[in-house]
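To be precise, the following lines are run_25.txt, and they hold compact mmCIF, C-alpha atoms and all ligand atoms.
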# COMPACT_ATOMS: atom_id res chain seq x y z
CA MET A 1 64.19 60.26 87.42
CA LYS A 2 63.36 59.09 90.89
CA THR A 3 60.67 56.49 91.49
CA GLY A 4 58.65 57.43 94.57
CA ASN A 5 61.06 58.09 97.42
CA ARG A 6 63.66 55.67 96.16
CA GLY A 7 67.21 56.84 95.65
CA ARG A 8 69.24 56.44 92.50
CA LEU A 9 72.70 54.90 92.39
CA ALA A 10 75.54 54.78 89.91
CA ILE A 11 77.78 51.76 90.51
CA LEU A 12 81.34 51.74 89.18
CA ILE A 13 83.11 48.43 88.70
CA SER A 14 86.23 46.92 87.15
CA GLY A 15 85.76 43.19 87.64
CA ARG A 16 83.48 40.32 88.51
CA GLY A 17 80.89 42.43 90.34
CA SER A 18 79.96 40.38 93.39
CA ASN A 19 79.44 43.59 95.39
CA LEU A 20 77.33 44.90 92.51
CA GLN A 21 75.24 41.72 92.76
CA ALA A 22 74.78 42.38 96.49
CA PHE A 23 73.37 45.81 95.59
CA ILE A 24 71.11 44.32 92.92
CA ASP A 25 69.79 41.83 95.48
CA ALA A 26 69.39 44.46 98.24
CA SER A 27 67.52 46.76 95.85
CA ALA A 28 65.21 43.99 94.66
CA GLY A 29 64.71 42.52 98.13
CA GLY A 30 63.79 45.76 99.88
CA ALA A 31 66.86 46.18 102.11
CA LEU A 32 67.96 49.12 99.97
CA ALA A 33 65.44 51.78 98.97
CA ALA A 34 67.28 52.68 95.79
CA ASP A 35 67.44 51.74 92.13
CA ILE A 36 70.62 51.30 90.16
CA ALA A 37 70.47 53.87 87.36
CA VAL A 38 73.67 52.78 85.64
CA VAL A 39 76.64 50.44 86.01
CA ILE A 40 79.87 51.80 84.54
CA SER A 41 83.07 49.85 84.03
CA ASN A 42 86.51 51.06 83.01
CA ASN A 43 87.12 47.48 81.85
CA PRO A 44 84.96 46.44 78.87
CA ASP A 45 85.41 42.76 79.82
CA ALA A 46 84.26 43.11 83.43
CA GLY A 47 82.04 40.20 84.42
CA GLY A 48 79.90 42.60 86.43
CA LEU A 49 78.61 44.17 83.20
CA ARG A 50 76.90 40.86 82.41
CA LEU A 51 75.34 40.75 85.89
CA ALA A 52 73.96 44.25 85.37
CA ARG A 53 72.54 43.46 81.91
CA ARG A 54 70.90 40.32 83.27
CA ALA A 55 69.19 42.50 85.88
CA GLY A 56 68.02 44.96 83.20
CA ILE A 57 70.31 47.77 84.37
CA PRO A 58 71.80 50.18 81.80
CA THR A 59 75.56 49.72 81.41
CA ARG A 60 78.39 51.81 80.05
CA SER A 61 82.02 50.98 79.33
CA ILE A 62 84.41 53.88 79.61
CA ASP A 63 87.82 52.40 78.92
CA HIS A 64 90.53 54.38 80.70
CA ARG A 65 92.98 53.39 77.94
CA ASP A 66 91.07 55.63 75.53
CA TYR A 67 92.01 58.76 77.49
CA PRO A 68 95.33 60.62 77.57
CA SER A 69 95.31 61.25 81.35
CA ARG A 70 93.58 60.26 84.57
CA GLU A 71 91.91 63.67 84.59
CA ALA A 72 90.51 63.23 81.07
CA PHE A 73 89.13 59.80 82.01
CA ASP A 74 87.65 61.19 85.21
CA ALA A 75 85.99 64.05 83.30
CA ALA A 76 84.29 61.54 80.98
CA LEU A 77 83.23 59.45 83.98
CA ALA A 78 81.88 62.51 85.81
CA ALA A 79 79.93 63.60 82.71
CA GLU A 80 78.35 60.17 82.36
CA VAL A 81 77.40 59.91 86.04
CA GLY A 82 76.31 63.56 86.13
CA GLN A 83 73.65 63.07 83.49
CA ARG A 84 72.07 60.18 85.41
CA ASP A 85 70.72 62.33 88.27
CA VAL A 86 72.03 59.98 90.96
CA ASP A 87 72.01 60.45 94.72
CA LEU A 88 74.98 58.23 95.39
CA VAL A 89 78.00 56.79 93.58
CA ILE A 90 79.18 53.35 94.68
CA LEU A 91 82.72 52.17 93.92
CA ALA A 92 82.37 48.38 93.90
CA GLY A 93 85.74 46.89 93.05
CA PHE A 94 86.56 49.91 90.89
CA MET A 95 90.30 49.62 90.51
CA ARG A 96 91.24 53.06 89.18
CA ILE A 97 92.67 55.81 91.34
CA LEU A 98 90.34 58.79 91.01
CA THR A 99 91.43 62.42 90.80
CA PRO A 100 89.71 65.53 92.19
CA VAL A 101 88.04 65.91 88.78
CA PHE A 102 85.72 63.06 89.77
CA ILE A 103 85.92 63.10 93.56
CA GLU A 104 85.06 66.76 94.19
CA PRO A 105 81.71 66.92 92.32
CA PHE A 106 80.48 63.82 94.17
CA SER A 107 81.95 64.55 97.59
CA GLY A 108 79.70 63.30 100.38
CA ARG A 109 77.87 60.92 98.05
CA LEU A 110 80.79 58.76 96.94
CA LEU A 111 81.45 55.49 98.80
CA ASN A 112 84.08 52.79 98.48
CA VAL A 113 84.57 49.32 99.89
CA HIS A 114 88.13 48.34 100.75
CA PRO A 115 89.14 44.83 101.82
CA SER A 116 91.13 45.68 104.93
CA LEU A 117 90.64 47.16 108.36
CA LEU A 118 91.61 50.70 107.39
CA PRO A 119 93.82 52.53 108.20
CA LYS A 120 95.72 49.24 107.82
CA TYR A 121 96.68 48.26 104.29
CA PRO A 122 95.44 50.91 101.89
CA GLY A 123 96.16 49.98 98.29
CA LEU A 124 96.52 46.51 96.82
CA HIS A 125 97.16 42.92 98.06
CA THR A 126 95.51 43.59 101.40
CA HIS A 127 94.92 39.96 102.38
CA GLN A 128 98.47 38.85 101.63
CA ARG A 129 99.81 41.81 103.58
CA ALA A 130 97.66 40.89 106.60
CA LEU A 131 98.94 37.30 106.41
CA ASP A 132 102.57 38.40 105.99
CA ALA A 133 102.26 40.68 109.02
CA GLY A 134 101.03 37.77 111.18
CA ASP A 135 97.73 39.51 111.92
CA THR A 136 95.09 37.49 113.75
CA GLU A 137 92.19 39.25 112.08
CA ALA A 138 91.35 40.92 108.79
CA GLY A 139 88.25 42.56 107.42
CA VAL A 140 86.61 45.20 105.32
CA THR A 141 85.88 48.91 105.54
CA VAL A 142 83.18 50.95 103.80
CA HIS A 143 84.24 54.58 103.72
CA PHE A 144 83.55 57.96 102.18
CA VAL A 145 85.90 58.72 99.32
CA THR A 146 88.06 61.80 99.75
CA LEU A 147 91.21 62.95 98.00
CA GLU A 148 93.38 60.66 100.16
CA LEU A 149 93.57 57.16 98.65
CA ASP A 150 91.59 54.74 100.87
CA GLY A 151 91.81 57.47 103.51
CA GLY A 152 88.31 58.93 103.70
CA PRO A 153 86.25 58.65 106.90
CA PRO A 154 85.22 55.05 107.63
CA ILE A 155 81.52 54.27 108.01
CA ILE A 156 81.34 50.55 108.79
CA GLN A 157 83.95 47.86 109.43
CA ALA A 158 83.51 44.12 109.77
CA ARG A 159 86.28 41.91 111.16
CA VAL A 160 86.88 38.24 110.49
CA PRO A 161 89.43 35.93 112.10
CA ILE A 162 92.55 34.80 110.25
CA LEU A 163 92.64 31.02 110.64
CA PRO A 164 95.59 28.61 110.55
CA GLY A 165 96.35 27.63 106.95
CA ASP A 166 94.62 30.67 105.45
CA THR A 167 95.79 31.84 102.06
CA ALA A 168 95.04 35.22 100.51
CA GLN A 169 92.21 33.49 98.64
CA THR A 170 90.58 31.77 101.62
CA LEU A 171 90.81 35.00 103.55
CA ALA A 172 89.33 36.99 100.66
CA ASP A 173 86.47 34.48 100.49
CA ARG A 174 85.73 35.04 104.20
CA VAL A 175 85.99 38.83 103.96
CA ILE A 176 83.80 39.24 100.89
CA VAL A 177 80.81 37.69 102.65
CA GLN A 178 81.00 40.64 105.05
CA GLU A 179 81.49 43.14 102.19
CA HIS A 180 78.16 42.06 100.73
CA LEU A 181 76.42 42.63 104.08
CA ILE A 182 77.82 45.98 105.13
CA TYR A 183 78.10 47.85 101.84
CA PRO A 184 74.38 48.01 100.91
CA LEU A 185 73.65 48.87 104.54
CA ALA A 186 75.93 51.93 104.43
CA ALA A 187 74.27 52.99 101.16
CA GLN A 188 70.83 52.64 102.74
CA TRP A 189 71.93 54.84 105.66
CA LEU A 190 73.01 57.54 103.22
CA ILE A 191 69.92 57.27 101.01
CA SER A 192 67.63 57.51 104.03
CA GLY A 193 69.41 60.65 105.28
CA ARG A 194 70.90 59.02 108.39
CA LEU A 195 74.51 59.19 107.18
CA GLN A 196 76.42 62.33 106.30
CA LEU A 197 79.96 63.46 105.58
CA THR A 198 80.64 66.61 107.61
CA ASP A 199 83.73 68.77 108.10
CA HIS A 200 84.42 66.63 111.19
CA GLY A 201 84.04 63.24 109.53
CA ALA A 202 81.23 60.76 109.04
CA CYS A 203 78.08 61.11 111.17
CA LEU A 204 75.21 58.69 111.68
CA ASP A 205 71.98 60.11 113.09
CA GLY A 206 73.91 63.29 113.88
CA GLU A 207 76.51 61.47 116.01
CA PRO A 208 80.17 61.21 114.93
CA ILE A 209 81.14 57.74 113.74
CA PRO A 210 84.26 56.32 115.47
CA ALA A 211 87.54 56.68 113.56
CA THR A 212 87.50 53.03 112.46
CA GLY A 213 83.81 53.00 111.58
CA ILE A 214 80.84 51.31 113.22
CA ASP A 215 81.71 47.72 114.09
CA TYR A 216 79.47 45.37 112.13
CA SER A 217 81.60 42.31 112.72
CA PRO A 218 79.74 38.99 113.05
CA GLY A 219 78.90 38.71 116.73
CA ALA A 220 79.43 42.41 117.53
CA SER A 221 76.50 44.09 119.26
CA SER A 222 75.76 46.18 116.17
CA GLY A 223 76.82 43.52 113.71
CA ALA A 224 75.44 40.59 111.82
CA PRO A 225 74.19 37.70 113.98
CA THR A 226 76.44 34.63 114.07
CA GLU A 227 73.70 32.26 115.24
CA PRO A 228 70.45 31.58 113.40
CA GLY A 229 67.60 33.68 114.79
C1 LIG A 301 86.32 43.46 96.56
O1 LIG A 301 86.97 42.62 97.46
C2 LIG A 301 86.57 44.91 96.94
O2 LIG A 301 86.64 45.11 98.32
C3 LIG A 301 87.90 45.15 96.29
O3 LIG A 301 87.82 44.51 95.05
C4 LIG A 301 86.95 43.38 95.18
C5 LIG A 301 85.92 43.46 94.08
O4 LIG A 301 85.15 42.30 94.04
N1 LIG A 301 88.15 46.55 96.15
C6 LIG A 301 89.36 47.08 96.25
O5 LIG A 301 90.36 46.43 96.45
C7 LIG A 301 89.40 48.59 96.06
N2 LIG A 301 90.64 49.11 96.53
P1 LIG A 301 83.78 42.27 93.24
O6 LIG A 301 84.09 42.73 91.82
O7 LIG A 301 83.38 40.81 93.26
O8 LIG A 301 82.79 43.17 93.93
Have the structure of the file written as structure tokens, please.
Amino acid sequence: MKTGNRGRLAILISGRGSNLQAFIDASAGGALAADIAVVISNNPDAGGLRLARRAGIPTRSIDHRDYPSREAFDAALAAEVGQRDVDLVILAGFMRILTPVFIEPFSGRLLNVHPSLLPKYPGLHTHQRALDAGDTEAGVTVHFVTLELDGGPPIIQARVPILPGDTAQTLADRVIVQEHLIYPLAAQWLISGRLQLTDHGACLDGEPIPATGIDYSPGASSGAPTEPG
């Protein structure tokens, strides 16, 4: 049940959980007025499960390999999330493609973080693809999840430069710093009622969000400061 006016989140992970940790920190530090009701992983060995347990958050493993189809897995996932009375479902490095069985019941309160400047590079290996294409910048997008893979309306993007000598790993290390900043912020906007998914796309404070999301790049007018103070 809700505590005061705080929201309740379910966070779905598959791996190490650094975005999960950013949510744990934002919740504890006051930047996010929400509590994490449950962390669910499709991978029983996900490092993020340990982070959640350390923070005293209930965890569940729902191993997709135990289910005969994507739909059957999604039904189990939806049942587990459904009984937690959550306001928002956060995909934080959750590496399973979801079907309508999960997406439709949580439409408008289901967010994902994707490590590219969508609509560029949906899917996997985003950083290597940006390097191979000779791009001069890369980044991250937080977006609403719809039936189109990595295709739901963007909410926030943050760009970073691609530097000489970058590898997929050095680029990922630069991008993930921005992921940890913008993802809890988007969740806070939704929890506080500022952010909505409408028939016309994502809206913040009743205004349509641009097609590539609000620019929260370091140094952008709406973004994170690059200089101290
Ligand atoms: C993050 O970079 C996230 O953007 C990406 O997986 C990583 C998870 O890291 N997600 C996707 O690629 C989804 N298509 P984390 O486990 O440390 O949060």
message: Which residues are near ligand LIG 301 (chain A) - at most 9 Å, using all atoms listed in the file? Format: as a ChimeraX atom specification.
response: /A:13-22,46-48,91-97,112-116,122-126,140-142,149-150,172-173,175-176,179-180
Selection from above, C-alpha atoms, as an mmCIF file, in the coordinates of the input, can you write it?
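As a result, part_17.cif now contains:
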data_model
loop_
_atom_site.group_PDB
_atom_site.id
_atom_site.type_symbol
_atom_site.label_atom_id
_atom_site.label_comp_id
_atom_site.auth_asym_id
_atom_site.auth_seq_id
_atom_site.Cartn_x
_atom_site.Cartn_y
_atom_site.Cartn_z
ATOM 1 C CA ILE A 13 83.110 48.430 88.700
ATOM 2 C CA SER A 14 86.230 46.920 87.150
ATOM 3 C CA GLY A 15 85.760 43.190 87.640
ATOM 4 C CA ARG A 16 83.480 40.320 88.510
ATOM 5 C CA GLY A 17 80.890 42.430 90.340
ATOM 6 C CA SER A 18 79.960 40.380 93.390
ATOM 7 C CA ASN A 19 79.440 43.590 95.390
ATOM 8 C CA LEU A 20 77.330 44.900 92.510
ATOM 9 C CA GLN A 21 75.240 41.720 92.760
ATOM 10 C CA ALA A 22 74.780 42.380 96.490
ATOM 11 C CA ALA A 46 84.260 43.110 83.430
ATOM 12 C CA GLY A 47 82.040 40.200 84.420
ATOM 13 C CA GLY A 48 79.900 42.600 86.430
ATOM 14 C CA LEU A 91 82.720 52.170 93.920
ATOM 15 C CA ALA A 92 82.370 48.380 93.900
ATOM 16 C CA GLY A 93 85.740 46.890 93.050
ATOM 17 C CA PHE A 94 86.560 49.910 90.890
ATOM 18 C CA MET A 95 90.300 49.620 90.510
ATOM 19 C CA ARG A 96 91.240 53.060 89.180
ATOM 20 C CA ILE A 97 92.670 55.810 91.340
ATOM 21 C CA ASN A 112 84.080 52.790 98.480
ATOM 22 C CA VAL A 113 84.570 49.320 99.890
ATOM 23 C CA HIS A 114 88.130 48.340 100.750
ATOM 24 C CA PRO A 115 89.140 44.830 101.820
ATOM 25 C CA SER A 116 91.130 45.680 104.930
ATOM 26 C CA PRO A 122 95.440 50.910 101.890
ATOM 27 C CA GLY A 123 96.160 49.980 98.290
ATOM 28 C CA LEU A 124 96.520 46.510 96.820
ATOM 29 C CA HIS A 125 97.160 42.920 98.060
ATOM 30 C CA THR A 126 95.510 43.590 101.400
ATOM 31 C CA VAL A 140 86.610 45.200 105.320
ATOM 32 C CA THR A 141 85.880 48.910 105.540
ATOM 33 C CA VAL A 142 83.180 50.950 103.800
ATOM 34 C CA LEU A 149 93.570 57.160 98.650
ATOM 35 C CA ASP A 150 91.590 54.740 100.870
ATOM 36 C CA ALA A 172 89.330 36.990 100.660
ATOM 37 C CA ASP A 173 86.470 34.480 100.490
ATOM 38 C CA VAL A 175 85.990 38.830 103.960
ATOM 39 C CA ILE A 176 83.800 39.240 100.890
ATOM 40 C CA GLU A 179 81.490 43.140 102.190
ATOM 41 C CA HIS A 180 78.160 42.060 100.730
#
query: Using only C-alpha atoms, which residue out of A:Tyr216, A:Tyr67, A:Phe73, A:Phe106 lies closest to Val86 in chain A?
result: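 Among the listed residues, A:Phe106 lies closest to Val86 in chain A.
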- request: Would you mind telling me which residue in A:Ile191, A:Leu171, A:Ile57, A:Ile11 lies nearest to Arg159 in chain A when using only C-alpha atoms?
  value: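 Answer, going by the shortest atom-to-atom distance: A:Leu171.
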- request: Give the answer as one residue: which of A:Pro154, A:Gly56, A:Gly139, A:Pro100 has the shortest atom-to-atom distance to Arg70 in chain A, using all atoms listed in the file?
  value: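 That would be A:Pro100, the residue with the smallest distance to Arg70 in chain A.
Considering all atoms listed in the file, the residue among A:Gln169, A:Ser41, A:Gln83, A:Ser222 positioned nearest to His64 in chain A is A:Ser41.
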query: Can you tell me, as a list in words, what residues are no more than 9 Å from Pro184 in chain A when counting all atoms listed in the file, ignoring any on the same chain fewer than 6 positions away?
result: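 The neighbour list is Asn19, Ala22, Phe23, Ala26, Ser27, Ala31 and Leu32 of chain A.
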Same residues, C-alpha atoms, saved as a PDB file, keeping the file's coordinate frame:
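This is the output file part05.pdb:
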ATOM      1  CA  ASN A  19      79.440  43.590  95.390  1.00  0.00           C
ATOM      2  CA  ALA A  22      74.780  42.380  96.490  1.00  0.00           C
ATOM      3  CA  PHE A  23      73.370  45.810  95.590  1.00  0.00           C
ATOM      4  CA  ALA A  26      69.390  44.460  98.240  1.00  0.00           C
ATOM      5  CA  SER A  27      67.520  46.760  95.850  1.00  0.00           C
ATOM      6  CA  ALA A  31      66.860  46.180 102.110  1.00  0.00           C
ATOM      7  CA  LEU A  32      67.960  49.120  99.970  1.00  0.00           C
TER       8      LEU A  32
END
- prompt: So how far away is CA of Ser61 in chain A from CA of Pro44 in chain A, in Å?
  reply: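 Pair CA of Pro44 in chain A / CA of Ser61 in chain A returns 5.4 Å.
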Pick from A:Arg174, A:Ser107, A:Leu181, A:Gln128 nearest to Thr198 in chain A, counting all atoms listed in the file: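 Using all atoms listed in the file, the shortest distance to Thr198 in chain A belongs to A:Ser107.
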- prompt: Looking at only C-alpha atoms, which of A:Arg60, A:Lys120, A:His127, A:His200 is the one that sits closest to Val81 in chain A?
  reply: A:Arg60
Selection: 12 Å around Ile155 in chain A, all atoms listed in the file, excl. self and same-chain fewer than 6 positions, as a PDB file with C-alpha atoms, keeping the file's coordinate frame:
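result06.pdb, freshly written:
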ATOM      1  CA  GLY A 108      79.700  63.300 100.380  1.00  0.00           C
ATOM      2  CA  LEU A 110      80.790  58.760  96.940  1.00  0.00           C
ATOM      3  CA  LEU A 111      81.450  55.490  98.800  1.00  0.00           C
ATOM      4  CA  ASN A 112      84.080  52.790  98.480  1.00  0.00           C
ATOM      5  CA  VAL A 113      84.570  49.320  99.890  1.00  0.00           C
ATOM      6  CA  HIS A 114      88.130  48.340 100.750  1.00  0.00           C
ATOM      7  CA  LEU A 117      90.640  47.160 108.360  1.00  0.00           C
ATOM      8  CA  LEU A 118      91.610  50.700 107.390  1.00  0.00           C
ATOM      9  CA  VAL A 140      86.610  45.200 105.320  1.00  0.00           C
ATOM     10  CA  THR A 141      85.880  48.910 105.540  1.00  0.00           C
ATOM     11  CA  VAL A 142      83.180  50.950 103.800  1.00  0.00           C
ATOM     12  CA  HIS A 143      84.240  54.580 103.720  1.00  0.00           C
ATOM     13  CA  PHE A 144      83.550  57.960 102.180  1.00  0.00           C
ATOM     14  CA  VAL A 145      85.900  58.720  99.320  1.00  0.00           C
ATOM     15  CA  ILE A 182      77.820  45.980 105.130  1.00  0.00           C
ATOM     16  CA  TYR A 183      78.100  47.850 101.840  1.00  0.00           C
ATOM     17  CA  PRO A 184      74.380  48.010 100.910  1.00  0.00           C
ATOM     18  CA  LEU A 185      73.650  48.870 104.540  1.00  0.00           C
ATOM     19  CA  ALA A 186      75.930  51.930 104.430  1.00  0.00           C
ATOM     20  CA  ALA A 187      74.270  52.990 101.160  1.00  0.00           C
ATOM     21  CA  TRP A 189      71.930  54.840 105.660  1.00  0.00           C
ATOM     22  CA  LEU A 190      73.010  57.540 103.220  1.00  0.00           C
ATOM     23  CA  ARG A 194      70.900  59.020 108.390  1.00  0.00           C
ATOM     24  CA  LEU A 195      74.510  59.190 107.180  1.00  0.00           C
ATOM     25  CA  GLN A 196      76.420  62.330 106.300  1.00  0.00           C
ATOM     26  CA  LEU A 197      79.960  63.460 105.580  1.00  0.00           C
ATOM     27  CA  GLY A 201      84.040  63.240 109.530  1.00  0.00           C
ATOM     28  CA  ALA A 202      81.230  60.760 109.040  1.00  0.00           C
ATOM     29  CA  CYS A 203      78.080  61.110 111.170  1.00  0.00           C
ATOM     30  CA  LEU A 204      75.210  58.690 111.680  1.00  0.00           C
ATOM     31  CA  GLU A 207      76.510  61.470 116.010  1.00  0.00           C
ATOM     32  CA  PRO A 208      80.170  61.210 114.930  1.00  0.00           C
ATOM     33  CA  ILE A 209      81.140  57.740 113.740  1.00  0.00           C
ATOM     34  CA  PRO A 210      84.260  56.320 115.470  1.00  0.00           C
ATOM     35  CA  ALA A 211      87.540  56.680 113.560  1.00  0.00           C
ATOM     36  CA  THR A 212      87.500  53.030 112.460  1.00  0.00           C
ATOM     37  CA  GLY A 213      83.810  53.000 111.580  1.00  0.00           C
ATOM     38  CA  ILE A 214      80.840  51.310 113.220  1.00  0.00           C
ATOM     39  CA  ASP A 215      81.710  47.720 114.090  1.00  0.00           C
ATOM     40  CA  TYR A 216      79.470  45.370 112.130  1.00  0.00           C
TER      41      TYR A 216
END
Using the file's own x, y and z axes, what box holds all listed atoms of range 110-126 of chain A with 3 Å on each side, keeping edges along x, y and z, and what are its centre and edge lengths in Å to one decimal, as JSON?
{"center_x": 89.0, "center_y": 50.8, "center_z": 102.6, "size_x": 22.4, "size_y": 21.8, "size_z": 17.5}
message: Env of Pro161 in chain A: 8 Å cut, atoms = only C-alpha atoms, seq-sep filter 4 positions within chain, self excluded. Answer as an NGL selection string.
response: :A and (136-138)
- request: Grab the CA of Arg109 in chain A to CA of Asp25 in chain A distance for me, in Å with one decimal place.
  value: 20.9 Å
